[in-house]
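What follows is a single structure, written as structure tokens, with notes after it.
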Amino acid sequence: MTRLDSYFEKLKGKKVLVLGVGVSNRPLVRLLLRYGIDVTCCDKAPREKLDAEVLELEARGAKLHLGEGYLDGLNGDVVFRTPGLHPDTPQIKALRERGAVVTSEMEAFFAVCPAPIIAVTGSDGKTTTTTLISELLKKQGFKVWIGGNIGTPLLDKADEIGPEDKVVLELSSFQLMYFPYSSHVAVITNLSPNHLDIHKDMEEYVTAKENLYLHQTEDDLLILNRDNTITHSFVPKAKGRVLEFSRQTEPERGVFFRDNAIWRKGETVEKLLDRSDILLPGVHNVENYMAAILAVGDAVSLENLRAVARSFGGVEHRIELVREKDGVRYYNDSIASSPTRTIAGLRSFEQKLILIAGGYDKHVPFEPLGPEIVEHVKTLILTGATAPKIEAAVLAAPNYAPGCPEILHEEDFYEAIRLASRVAKPGDVVILSPAGPAFDKFKNFMVRGREFKKTVMEL
């Protein structure tokens with residue numbers, strides 16, 4: 001009997017609730033049905049908005065509990081929570097108080113995965129770092145499974161994963177709340193205020209991230225950003241080995257950036273990569289490479305490390321060059337759903353930019369963004385719910401002077417892009433880097449980025 005079989009056999013005879021039937025939970029529901037388990041799928045969407053895949057689950061035996069009151073009147077023995085649903089939601093707390101076990105699809109995967117897990121979290125850089133780790137391991141010849149917030153759900157593929165394979169996951173704070181597992185290699189890229197529209201405060205956000213390493217053993221590895229005050233403060237709490245990366249100093253053990261190159265420091269100091277070897281723009285991608293280098297360790301040769309650095313062009317929606325038209329370059333940085341990520345994007349260019357910014361308000365401070373916009377932006381085009389807050393941060397910046405940058409408003413997202421094209425001159429760079437999520441106008445940052453690219457290509 002495999003680990004997957006054992007896990008689901010223990011659920012037989014229990015009443016299981018699956019809260020949210022998005023992409024990540026659908027393979028879970030199919031597994032529950034395959035093992036003959038009583039499962040009720042609960043989702044806020046009304047029946048008329050369900051897609052064919054969910055209706056197929058119903059046809060195979062899943063019960064549906066739908067609509068605005070989808071969390072009301074529930075009873076169950078085991079509850080699988082979707083990541084975006086706070087575990088302290090009153091209805092979930094009530095279920096827990098009545099004896100239900102509250103878990104998640106990701107917790108189930110950690111319980112059954114036969115291979116060691118490398119997991120990445122942080123406020124910025126998670127996806128690129130996760131992808132880099134995966135690309136480095138693939139280049140070395142390993143069979144790599146990538147999942148979590150990127151890739152596909154892996155729970156239903158657990159029986160296909162071999163003990164010698166590599167599993168690389170990107171995990172969010174929502175997935176990590178009350179998480180009872182830690183990965184064998186835990187990478188925390190950085191931490192800054194984020195998702196405070198969901199988390200009750202910054203402390204809860206940080207506490208969630210810490211679950212990535214707090215359940216490690218002495219045989220496990222924690223990789224931290226030495227330059228980030230919050231992540232560096234985790235060093236004394238670590239139960240396993242700790243390695244740090246830094247652009248500002250030389251950590252006792254880890255990697256650092258000096259003389260435009262990445263160096264590894266252990267018993268000796270070894271030069272690994274010149275900055276010119278890295279195809280990706282921006283110093284934040286130097287940090288992403290440093291984190292990835294520590295995560296793969298000696299498993300990847302120096303030759304393969306340099307080969308990936310020289311060829312890897314980045315992940316969609318992350319400072320992605322869309323096109324050059326009439327001498328103007330257009331970049332899609334829709335992933336920039338926080339001020340810190342937009343700051344990293346602005347710092348990736350040596351010239352002043354035309355910036356399209358604004359998005360859903362997740363109640364994070366914009367004050368640090370103001371001076372960076374003044375320094376790096378010639379024309380600021382604001383759109384979306386956070387436009388007034390971004391403008392206020394710019395006007396309050398100590399380095400602001402009237403008209404520098406020029407500030408324009410355009411509520412319509414598509415018109416904002418066309419406005420940028422009208423004010424741009426040959427040699428300019430236009431970048432979408434919103435500093436907020438897409439939920440005020442789009443389903444997610446990917447839809448926003450693709451709509452940006454589509455509109456740019458139609459100019």
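Naming scheme: A, B, ... for chains in displayed order of the structure tokens; residues 1 onward per chain; ligands 1 onward as shown.
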
Compile the contact shell of Leu137 in chain A as a ChimeraX atom specification: residues with an atom at most 12 Å away, counting only C-alpha atoms, same-chain residues fewer than 6 positions apart removed.
-> /A:118,130-131,143-146,165-168,292-293,295-301,304-305,308

Write down as number ranges by chain the residues of range 207-394 of chain A whose backbone DSSP state falls under helix (DSSP H, G or I).
-> A: 207-214, 229-232, 235-237, 275-277, 283-299, 302-311, 339-346, 369-376, 387-394

Residue with smallest distance to Leu395 in chain A - pool A:Leu369, A:Ala108, A:Ala307, A:Val269, counting only C-alpha atoms |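 Selected residue with least distance to Leu395 in chain A: A:Leu369.
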
Distance CA of Val39 in chain A-CA of Lys63 in chain A, one decimal place?
-> 6.4 Å

A:Val120, A:Arg30, A:Glu160, A:Asp219 ranked by distance to Gln175 in chain A, top pick (using only C-alpha atoms) =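 Smallest separation from Gln175 in chain A among the options: A:Val120.
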
Close residues, Thr217 in chain A itself excluded, 9 Å, only C-alpha atoms, min 6 positions apart in chain, as a ChimeraX atom specification = /A:182,184,238-240

Requested write-out: C-alpha atoms of the selected residues, as a tab-separated table (two decimals), in the first residue's frame:
```
chain	number	residue	atom	x	y	z
A	182	SER	CA	8.09	22.02	7.16
A	184	HIS	CA	13.47	19.58	4.04
A	238	ALA	CA	16.13	27.30	13.31
A	239	LYS	CA	16.40	23.64	14.28
A	240	GLY	CA	18.54	22.62	11.31
```

Among range 22-167 of chain A, which ones does DSSP place in strand (DSSP E), written as a list in words?
-> Asp38, Val39, Thr40, Cys41, Cys42, Asp43, Lys63, Leu64, His65, Leu66, Val78, Val79, Phe80, Arg81, Val101, Val102, Thr103, Ile117, Ile118, Ala119, Val120, Thr121, Val144, Trp145, Ile146, Gly147, Gly148, Lys166 and Val167 of chain A

Contacts of Tyr213 in chain A at 10 Å (only C-alpha atoms; same-chain gap of 6+ positions) as an MDAnalysis selection string = chainID A and resid 119 181:188 220:223 234 237:240

Resulting file, chosen residues, N, CA and C atoms, as a compact mmCIF listing (two decimals), in the first residue's frame:
```txt
# COMPACT_ATOMS: atom_id res chain seq x y z
N ALA A 119 10.95 23.95 -0.57
CA ALA A 119 9.82 24.88 -0.61
C ALA A 119 10.30 26.31 -0.45
N TYR A 181 3.65 21.03 8.93
CA TYR A 181 4.83 20.44 8.30
C TYR A 181 5.82 21.54 7.91
N SER A 182 7.08 21.15 7.76
CA SER A 182 8.09 22.02 7.16
C SER A 182 8.83 21.23 6.09
N SER A 183 9.35 21.94 5.11
CA SER A 183 10.06 21.27 4.02
C SER A 183 11.49 20.93 4.45
N HIS A 184 12.09 19.99 3.74
CA HIS A 184 13.47 19.58 4.04
C HIS A 184 14.44 20.72 3.76
N VAL A 185 14.18 21.44 2.67
CA VAL A 185 14.92 22.67 2.38
C VAL A 185 13.89 23.80 2.33
N ALA A 186 14.01 24.77 3.20
CA ALA A 186 13.07 25.89 3.28
C ALA A 186 13.79 27.17 2.87
N VAL A 187 13.22 27.88 1.90
CA VAL A 187 13.80 29.13 1.41
C VAL A 187 12.81 30.27 1.70
N ILE A 188 13.27 31.29 2.39
CA ILE A 188 12.45 32.48 2.63
C ILE A 188 13.17 33.66 2.00
N ASP A 220 17.64 19.17 8.41
CA ASP A 220 17.06 20.01 7.37
C ASP A 220 17.83 21.32 7.21
N LEU A 221 17.48 22.07 6.18
CA LEU A 221 18.22 23.29 5.82
C LEU A 221 17.27 24.47 5.67
N LEU A 222 17.63 25.58 6.26
CA LEU A 222 16.89 26.83 6.14
C LEU A 222 17.77 27.86 5.43
N ILE A 223 17.21 28.49 4.40
CA ILE A 223 17.92 29.50 3.62
C ILE A 223 17.22 30.83 3.79
N PHE A 234 15.17 35.02 12.13
CA PHE A 234 14.77 33.62 12.28
C PHE A 234 15.95 32.71 12.62
N LYS A 237 16.02 30.64 15.82
CA LYS A 237 14.91 29.70 15.99
C LYS A 237 15.06 28.43 15.17
N ALA A 238 16.00 28.43 14.24
CA ALA A 238 16.13 27.30 13.31
C ALA A 238 16.60 26.05 14.04
N LYS A 239 16.02 24.91 13.67
CA LYS A 239 16.40 23.64 14.28
C LYS A 239 17.45 22.90 13.46
N GLY A 240 17.55 23.26 12.18
CA GLY A 240 18.54 22.62 11.31
C GLY A 240 19.64 23.60 10.93
```

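Distances from A:Ile161, A:Leu17, A:Pro153, A:Ala357 to Val101 in chain A were compared using only C-alpha atoms, and the smallest one belongs to A:Leu17.
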
Give me the residues within 12 Å of Asp88 in chain A as a list in words, counting only C-alpha atoms and dropping any in the same chain fewer than 4 places off.
-> Arg81, Gly84, Ile92, Lys93, Ala94, Leu95, Arg96, Glu97, Val102, Phe174, Met177, Tyr178, Ile198, His199, Lys200 and Glu204 of chain A

Selection: 10 Å around Pro368 in chain A, only C-alpha atoms, excl. self and same-chain fewer than 5 positions, as a list in words | Pro339, Thr340, Ile343, Ile373, Ala393, Val394 and Ala397 of chain A

For the contact check between range 200-319 of chain A and range 415-438 of chain A, emit one row per residue of range 200-319 of chain A within 12 Å, containing the shortest atom pair and the distance in Å rounded to one decimal, counting only C-alpha atoms, chain then rising number order, as a Markdown table.
```
| residue | atom | partner | partner_atom | distance |
| --- | --- | --- | --- | --- |
| A:His317 | CA | A:Leu432 | CA | 9.3 |
| A:Arg318 | CA | A:Ser433 | CA | 9.0 |
| A:Ile319 | CA | A:Ile431 | CA | 7.9 |
```

Test item: residues at most 10 Å from Cys113 in chain A, only C-alpha atoms, excluding those fewer than 4 positions along its chain, as number ranges by chain | A: 3-4, 108-109, 117, 154-155, 157-163, 167

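Using only C-alpha atoms, the smallest distance between any of A:Gly358, A:Gly403, A:Pro371, A:Gly147 and Ile390 in chain A comes from A:Gly358.
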